[in-house]
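Asker: Next up is a structure, given as structure tokens.
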Amino acid sequence: MPTCEHCQAHVSERFARVFADKRGRIHACPNCSANAGIAEVAKERAHDARS
């Protein structure tokens with residue numbers, strides 16, 4: 001089962017297909033981010049992880 005890299009919460013396969021980065025990592029989920037901002041937070045955290 002996929003998990004959020006930030007908070008280690010489990011997420012659904014469907015959520016992972018939508019919000020995972022190119023490597024399949026999930027940087028934000030409903031457990032650690034506001035639903036409206038998940039895509040933006042995920043992008044920011046993925047960028048920070050590469051730096």
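All residue names refer to the structure tokens as shown: chains lettered A, B, ... in order, residues numbered from 1 in each chain, ligands numbered from 1 in order.
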Could you name the residues that touch Pro30 in chain A at 10 Å or less, counting only C-alpha atoms, but leaving out those on the same chain fewer than 5 positions away, as a list in words?

Answerer: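 The residues satisfying every condition are Cys4, Ala9, Val11, Phe15, Asn35, Ala36, Gly37 and Ile38 of chain A.
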
Asker: Using DSSP secondary structure from the backbone, list all alpha helix (DSSP H) positions within chain A, as a ChimeraX atom specification.

Answerer: /A:13-19,38-50

Asker: Restrict the selected residues to N, CA and C atoms and save them as a compact mmCIF listing (two decimals), in the first residue's frame.

Answerer:
# COMPACT_ATOMS: atom_id res chain seq x y z
N GLU A 13 -4.42 3.41 -3.73
CA GLU A 13 -3.75 3.30 -5.02
C GLU A 13 -4.25 4.40 -5.96
N ARG A 14 -5.52 4.70 -5.88
CA ARG A 14 -6.10 5.74 -6.72
C ARG A 14 -5.49 7.11 -6.41
N PHE A 15 -5.34 7.42 -5.13
CA PHE A 15 -4.71 8.67 -4.72
C PHE A 15 -3.28 8.72 -5.24
N ALA A 16 -2.56 7.62 -5.12
CA ALA A 16 -1.17 7.56 -5.58
C ALA A 16 -1.07 7.79 -7.08
N ARG A 17 -2.00 7.25 -7.87
CA ARG A 17 -1.97 7.46 -9.32
C ARG A 17 -2.10 8.93 -9.67
N VAL A 18 -2.88 9.65 -8.87
CA VAL A 18 -3.13 11.06 -9.18
C VAL A 18 -2.03 11.97 -8.66
N PHE A 19 -1.55 11.73 -7.44
CA PHE A 19 -0.65 12.69 -6.78
C PHE A 19 0.81 12.27 -6.66
N ILE A 38 -3.28 19.97 -1.79
CA ILE A 38 -2.41 18.80 -1.87
C ILE A 38 -1.47 18.88 -3.06
N ALA A 39 -1.97 19.21 -4.23
CA ALA A 39 -1.11 19.25 -5.42
C ALA A 39 0.01 20.27 -5.27
N GLU A 40 -0.31 21.45 -4.75
CA GLU A 40 0.71 22.48 -4.58
C GLU A 40 1.74 22.10 -3.53
N VAL A 41 1.28 21.56 -2.42
CA VAL A 41 2.20 21.15 -1.35
C VAL A 41 3.08 20.00 -1.84
N ALA A 42 2.50 19.07 -2.56
CA ALA A 42 3.28 17.95 -3.10
C ALA A 42 4.38 18.45 -4.02
N LYS A 43 4.06 19.42 -4.88
CA LYS A 43 5.06 19.99 -5.79
C LYS A 43 6.19 20.65 -5.02
N GLU A 44 5.83 21.45 -4.01
CA GLU A 44 6.84 22.15 -3.21
C GLU A 44 7.75 21.17 -2.47
N ARG A 45 7.16 20.15 -1.86
CA ARG A 45 7.95 19.18 -1.10
C ARG A 45 8.83 18.35 -2.02
N ALA A 46 8.34 18.01 -3.21
CA ALA A 46 9.14 17.26 -4.17
C ALA A 46 10.33 18.09 -4.61
N HIS A 47 10.09 19.37 -4.84
CA HIS A 47 11.19 20.26 -5.25
C HIS A 47 12.21 20.39 -4.12
N ASP A 48 11.74 20.54 -2.89
CA ASP A 48 12.65 20.66 -1.74
C ASP A 48 13.44 19.38 -1.53
N ALA A 49 12.84 18.24 -1.79
CA ALA A 49 13.53 16.95 -1.62
C ALA A 49 14.67 16.78 -2.61
N ARG A 50 14.53 17.39 -3.80
CA ARG A 50 15.57 17.30 -4.82
C ARG A 50 16.72 18.23 -4.52

Asker: For His10 in chain A, please output as an MDAnalysis selection string all residues within 9 Å (counting only C-alpha atoms; exclusion window: fewer than 5 positions along the same chain).

Answerer: chainID A and resid 1:4 29
